[in-house]
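Peer 1: After the structure tokens below, expect a handful of questions from me.
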Amino acid sequence: MQPDEYRKMAEVEDRMWYYRALHRHVARSLVASGLSADAAILDAGCGTGGLLRHLRAEQPTWRLSGVDLSSLACELARERTGAEITESSITRLPFANASFSAITSCDVLCQVEQPPAALREFVRCLKPGGVVVLTMPAYQWLFSYHDQQVANLRRYTGHGVKELLQTAGLQPIWSSYWNTLPFPLAVLRRKIFPPADPTSDVRLYPVPLEAMFNTMMAIEHAWLSTGGRLPYGSSVLLVGRKPDHA
């Protein structure tokens, strides 16, 4: 991803509707998985640290670490989180076997050449019974200027993400699409009326639009919190578990 995109992310990810919703979904999924109060959690592809900041505020006793390939992202994440941040590829994690109770990875596997290699590393570094929480951009037909700007190589279906996890030896335990209510707007923006001079959609929008999207995300969050699922959307959320006997 280009350096400017990391700087944009650092500026908006604590306030932009998309990141606020993303972080809430991941935090909810981790809590629901039954992690201990002192669980060790790795954010694989941590970017500029927004998720780590959110998790520290939600669960101060969790032991949080991050890893990212970008030196700039690592520098920004260290400044913003105070967490232990390591510069490395998620396909070659510099951690011992069974180091973590949970690994999160948000919109990152879609950016690496060999996602199965990254997932094998996740499995290696997870404790038996540990969980992985993934988010991915949905539907290859929705691939657009935004994906090009943020270095996405591909987009996924929910079924495709499940297959990735199963191939790596992880058991999918919960999945859903999200970004369902804004989905028609995403299609219009990215496929029908793209901007003339495209950059990524990572930005703060005017206050009324941010409020509208936040309301949509609150409705989705409330539904998913009950155990409900959403049948489509521009993002996929999936939780998997490493078998206890592995």
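Residues are referred to by chain and number: the chain letter is A, B, ... according to the order shown in the structure tokens, the number counts from 1 in that chain, and ligands are numbered separately from 1 in the order shown.
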If we count only C-alpha atoms and set the cut-off at 12 Å, which residues sit around Pro116 of chain A, ignoring sequence neighbours fewer than 6 positions away in its own chain? Please answer as a ChimeraX atom specification.

Peer 2: /A:90-92,109-110,122-123,161-170

Peer 1: Among segment 111-195 of chain A, which residues carry a DSSP assignment of helix (DSSP H, G or I), reported as a PyMOL selection string?

Peer 2: chain A and resi 111+115-125+140-142+145-150+158-168+183-192

Peer 1: Write a file of the selected residues as a short mmCIF file (atom, residue, chain, number, x, y, z; two decimals), in the first residue's frame, keeping N, CA and C atoms.

Peer 2:
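Below is the file that was written, out01.cif:
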```cif
data_model
loop_
_atom_site.label_atom_id
_atom_site.label_comp_id
_atom_site.auth_asym_id
_atom_site.auth_seq_id
_atom_site.Cartn_x
_atom_site.Cartn_y
_atom_site.Cartn_z
N GLN A 111 -4.44 -8.90 0.28
CA GLN A 111 -3.33 -8.12 -0.27
C GLN A 111 -2.05 -8.93 -0.45
N PRO A 115 -2.29 -16.20 0.29
CA PRO A 115 -3.06 -16.24 1.54
C PRO A 115 -2.93 -17.56 2.32
N PRO A 116 -2.88 -18.73 1.64
CA PRO A 116 -2.74 -19.96 2.43
C PRO A 116 -1.46 -20.00 3.27
N ALA A 117 -0.38 -19.40 2.76
CA ALA A 117 0.87 -19.37 3.54
C ALA A 117 0.69 -18.55 4.81
N ALA A 118 -0.03 -17.43 4.71
CA ALA A 118 -0.30 -16.61 5.89
C ALA A 118 -1.16 -17.38 6.89
N LEU A 119 -2.18 -18.07 6.41
CA LEU A 119 -3.05 -18.80 7.32
C LEU A 119 -2.31 -19.95 8.00
N ARG A 120 -1.39 -20.59 7.30
CA ARG A 120 -0.59 -21.63 7.94
C ARG A 120 0.25 -21.05 9.08
N GLU A 121 0.75 -19.83 8.87
CA GLU A 121 1.49 -19.16 9.94
C GLU A 121 0.57 -18.81 11.11
N PHE A 122 -0.65 -18.40 10.80
CA PHE A 122 -1.61 -18.13 11.88
C PHE A 122 -1.82 -19.39 12.71
N VAL A 123 -2.05 -20.51 12.03
CA VAL A 123 -2.28 -21.77 12.73
C VAL A 123 -1.07 -22.13 13.58
N ARG A 124 0.11 -21.99 13.05
CA ARG A 124 1.33 -22.31 13.80
C ARG A 124 1.44 -21.48 15.07
N CYS A 125 1.11 -20.20 14.97
CA CYS A 125 1.30 -19.28 16.10
C CYS A 125 0.14 -19.28 17.08
N GLN A 140 -15.64 -10.36 -6.04
CA GLN A 140 -14.64 -9.96 -7.02
C GLN A 140 -15.22 -9.01 -8.07
N TRP A 141 -16.50 -9.14 -8.38
CA TRP A 141 -17.09 -8.25 -9.38
C TRP A 141 -17.16 -6.80 -8.90
N LEU A 142 -16.98 -6.58 -7.59
CA LEU A 142 -16.98 -5.23 -7.04
C LEU A 142 -15.57 -4.62 -7.03
N TYR A 145 -11.39 0.92 -8.41
CA TYR A 145 -10.31 1.86 -8.13
C TYR A 145 -9.90 1.83 -6.65
N HIS A 146 -10.87 1.64 -5.76
CA HIS A 146 -10.54 1.61 -4.33
C HIS A 146 -9.59 0.46 -4.02
N ASP A 147 -9.87 -0.72 -4.54
CA ASP A 147 -8.99 -1.87 -4.31
C ASP A 147 -7.60 -1.60 -4.86
N GLN A 148 -7.51 -1.00 -6.01
CA GLN A 148 -6.20 -0.69 -6.60
C GLN A 148 -5.42 0.27 -5.71
N GLN A 149 -6.10 1.25 -5.14
CA GLN A 149 -5.41 2.25 -4.32
C GLN A 149 -4.93 1.68 -3.00
N VAL A 150 -5.65 0.72 -2.43
CA VAL A 150 -5.25 0.16 -1.13
C VAL A 150 -4.51 -1.16 -1.29
N GLY A 158 -18.16 -15.19 1.09
CA GLY A 158 -18.11 -15.85 2.38
C GLY A 158 -17.67 -17.30 2.26
N HIS A 159 -18.19 -17.99 1.25
CA HIS A 159 -17.81 -19.39 1.04
C HIS A 159 -16.32 -19.51 0.74
N GLY A 160 -15.79 -18.57 -0.04
CA GLY A 160 -14.38 -18.62 -0.37
C GLY A 160 -13.49 -18.45 0.85
N VAL A 161 -13.87 -17.59 1.78
CA VAL A 161 -13.09 -17.41 3.00
C VAL A 161 -13.15 -18.67 3.85
N LYS A 162 -14.32 -19.29 3.95
CA LYS A 162 -14.44 -20.53 4.71
C LYS A 162 -13.52 -21.61 4.13
N GLU A 163 -13.48 -21.71 2.81
CA GLU A 163 -12.60 -22.71 2.20
C GLU A 163 -11.14 -22.45 2.52
N LEU A 164 -10.73 -21.17 2.52
CA LEU A 164 -9.36 -20.84 2.89
C LEU A 164 -9.04 -21.32 4.28
N LEU A 165 -9.93 -21.06 5.23
CA LEU A 165 -9.68 -21.47 6.60
C LEU A 165 -9.62 -22.98 6.74
N GLN A 166 -10.56 -23.66 6.10
CA GLN A 166 -10.59 -25.11 6.22
C GLN A 166 -9.35 -25.76 5.62
N THR A 167 -8.87 -25.20 4.52
CA THR A 167 -7.65 -25.72 3.89
C THR A 167 -6.46 -25.59 4.82
N ALA A 168 -6.43 -24.54 5.63
CA ALA A 168 -5.33 -24.31 6.56
C ALA A 168 -5.48 -25.10 7.85
N PHE A 183 -24.63 -1.14 0.95
CA PHE A 183 -24.16 -1.87 -0.22
C PHE A 183 -24.60 -1.24 -1.54
N PRO A 184 -25.86 -0.84 -1.70
CA PRO A 184 -26.24 -0.21 -2.97
C PRO A 184 -25.43 1.05 -3.28
N LEU A 185 -25.11 1.82 -2.23
CA LEU A 185 -24.32 3.03 -2.44
C LEU A 185 -22.90 2.67 -2.89
N ALA A 186 -22.35 1.58 -2.33
CA ALA A 186 -21.01 1.15 -2.73
C ALA A 186 -20.98 0.73 -4.20
N VAL A 187 -22.01 0.04 -4.64
CA VAL A 187 -22.09 -0.39 -6.04
C VAL A 187 -22.17 0.83 -6.96
N LEU A 188 -23.01 1.78 -6.60
CA LEU A 188 -23.13 2.99 -7.40
C LEU A 188 -21.81 3.73 -7.50
N ARG A 189 -21.15 3.89 -6.37
CA ARG A 189 -19.91 4.66 -6.31
C ARG A 189 -18.78 3.98 -7.08
N ARG A 190 -18.66 2.68 -6.90
CA ARG A 190 -17.47 2.00 -7.41
C ARG A 190 -17.62 1.43 -8.82
N LYS A 191 -18.85 1.15 -9.23
CA LYS A 191 -19.03 0.50 -10.53
C LYS A 191 -19.81 1.34 -11.54
N ILE A 192 -20.65 2.23 -11.07
CA ILE A 192 -21.51 2.97 -12.01
C ILE A 192 -21.08 4.43 -12.14
#
```

Peer 1: Which of these, A:Thr61, A:Glu113, A:Gly240, A:Gly45, has the shortest distance to Ser89 of chain A once you count only C-alpha atoms?

Peer 2: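 Counting only C-alpha atoms, the residue closest to Ser89 of chain A is A:Gly45.
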
Peer 1: Quick one: residues within 6 Å of segment 173-178 of chain A, only C-alpha atoms counted, chain neighbours fewer than 6 positions away excluded, as a list of chain:residue names?

Peer 2: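 Near neighbours after the sequence-gap exclusion: A:Arg229, A:Leu230, A:Tyr232, A:Gly233, A:Ser235, A:Val236, A:Leu237, A:Leu238, A:Val239, A:Gly240.
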
Peer 1: Just N, CA and C atoms for this one: save the residues we selected as a PDB file, in the first residue's frame.

Peer 2:
```
ATOM      1  N   ARG A 229     -27.307 -13.123  11.081  1.00  0.00           N
ATOM      2  CA  ARG A 229     -26.363 -12.999   9.975  1.00  0.00           C
ATOM      3  C   ARG A 229     -26.973 -12.133   8.882  1.00  0.00           C
ATOM      4  N   LEU A 230     -26.103 -11.604   8.039  1.00  0.00           N
ATOM      5  CA  LEU A 230     -26.543 -10.777   6.925  1.00  0.00           C
ATOM      6  C   LEU A 230     -26.198 -11.492   5.623  1.00  0.00           C
ATOM      7  N   TYR A 232     -25.700 -10.580   2.455  1.00  0.00           N
ATOM      8  CA  TYR A 232     -24.799  -9.989   1.468  1.00  0.00           C
ATOM      9  C   TYR A 232     -24.239  -8.706   2.071  1.00  0.00           C
ATOM     10  N   GLY A 233     -23.240  -8.138   1.404  1.00  0.00           N
ATOM     11  CA  GLY A 233     -22.627  -6.896   1.850  1.00  0.00           C
ATOM     12  C   GLY A 233     -21.288  -6.737   1.168  1.00  0.00           C
ATOM     13  N   SER A 235     -18.464  -6.468   2.694  1.00  0.00           N
ATOM     14  CA  SER A 235     -17.408  -7.025   3.543  1.00  0.00           C
ATOM     15  C   SER A 235     -17.859  -8.368   4.096  1.00  0.00           C
ATOM     16  N   VAL A 236     -16.858  -9.206   4.420  1.00  0.00           N
ATOM     17  CA  VAL A 236     -17.094 -10.516   5.034  1.00  0.00           C
ATOM     18  C   VAL A 236     -16.392 -10.542   6.382  1.00  0.00           C
ATOM     19  N   LEU A 237     -17.062 -11.089   7.385  1.00  0.00           N
ATOM     20  CA  LEU A 237     -16.470 -11.300   8.709  1.00  0.00           C
ATOM     21  C   LEU A 237     -16.556 -12.781   9.027  1.00  0.00           C
ATOM     22  N   LEU A 238     -15.438 -13.372   9.452  1.00  0.00           N
ATOM     23  CA  LEU A 238     -15.422 -14.802   9.736  1.00  0.00           C
ATOM     24  C   LEU A 238     -14.555 -15.085  10.949  1.00  0.00           C
ATOM     25  N   VAL A 239     -15.044 -15.986  11.808  1.00  0.00           N
ATOM     26  CA  VAL A 239     -14.312 -16.435  12.983  1.00  0.00           C
ATOM     27  C   VAL A 239     -14.012 -17.916  12.823  1.00  0.00           C
ATOM     28  N   GLY A 240     -12.757 -18.297  13.022  1.00  0.00           N
ATOM     29  CA  GLY A 240     -12.352 -19.694  12.964  1.00  0.00           C
ATOM     30  C   GLY A 240     -11.608 -20.094  14.215  1.00  0.00           C
TER      31      GLY A 240
END
```

Peer 1: Can you tell me which residues surround segment 10-24 of chain A at a distance of at most 8 Å, considering only C-alpha atoms, apart from same-chain residues fewer than 6 positions away, and format the answer as a ChimeraX atom specification?

Peer 2: /A:48-51,54-55,76,202-205,210,213-214,217-218,221

Peer 1: Using the chain letters and numbers from this document, which residues of segment 106-192 of chain A does DSSP assign to strand (DSSP E), as a list in words?

Peer 2: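 Written out, the strand (DSSP E) residues of segment 106-192 of chain A are Cys106, Leu126, Lys127, Pro128, Gly129, Gly130, Val131, Val132, Val133, Leu134, Thr135, Met136, Pro137, Gln171, Pro172, Ile173, Trp174, Ser175, Ser176, Tyr177 and Trp178 of chain A.
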
Peer 1: With C-alpha atoms retained, could you export that selection as a PDB file, in the first residue's frame?

Peer 2:
```pdb
ATOM      1  CA  CYS A 106      -8.559  -7.120   8.788  1.00  0.00           C
ATOM      2  CA  LEU A 126      -2.109 -19.995  17.639  1.00  0.00           C
ATOM      3  CA  LYS A 127      -2.487 -22.011  20.795  1.00  0.00           C
ATOM      4  CA  PRO A 128      -4.705 -25.099  20.497  1.00  0.00           C
ATOM      5  CA  GLY A 129      -8.270 -23.853  20.688  1.00  0.00           C
ATOM      6  CA  GLY A 130      -7.168 -20.348  19.684  1.00  0.00           C
ATOM      7  CA  VAL A 131      -9.300 -18.214  17.384  1.00  0.00           C
ATOM      8  CA  VAL A 132      -8.723 -16.198  14.245  1.00  0.00           C
ATOM      9  CA  VAL A 133     -10.975 -13.280  13.282  1.00  0.00           C
ATOM     10  CA  LEU A 134     -10.796 -12.220   9.639  1.00  0.00           C
ATOM     11  CA  THR A 135     -12.436  -9.505   7.596  1.00  0.00           C
ATOM     12  CA  MET A 136     -12.253  -9.411   3.809  1.00  0.00           C
ATOM     13  CA  PRO A 137     -13.658  -7.226   1.014  1.00  0.00           C
ATOM     14  CA  GLN A 171     -12.661 -24.731  11.842  1.00  0.00           C
ATOM     15  CA  PRO A 172     -15.045 -21.936  10.758  1.00  0.00           C
ATOM     16  CA  ILE A 173     -17.375 -21.264  13.692  1.00  0.00           C
ATOM     17  CA  TRP A 174     -19.212 -18.107  12.620  1.00  0.00           C
ATOM     18  CA  SER A 175     -19.437 -15.929   9.520  1.00  0.00           C
ATOM     19  CA  SER A 176     -21.537 -13.190   8.002  1.00  0.00           C
ATOM     20  CA  TYR A 177     -21.432 -10.463   5.438  1.00  0.00           C
ATOM     21  CA  TRP A 178     -21.639  -6.910   6.729  1.00  0.00           C
TER      22      TRP A 178
END
```

Peer 1: For atom CA of Thr180 of chain A and atom CA of Asp107 of chain A, quote the distance in Å rounded to one decimal.

Peer 2: 16.7 Å
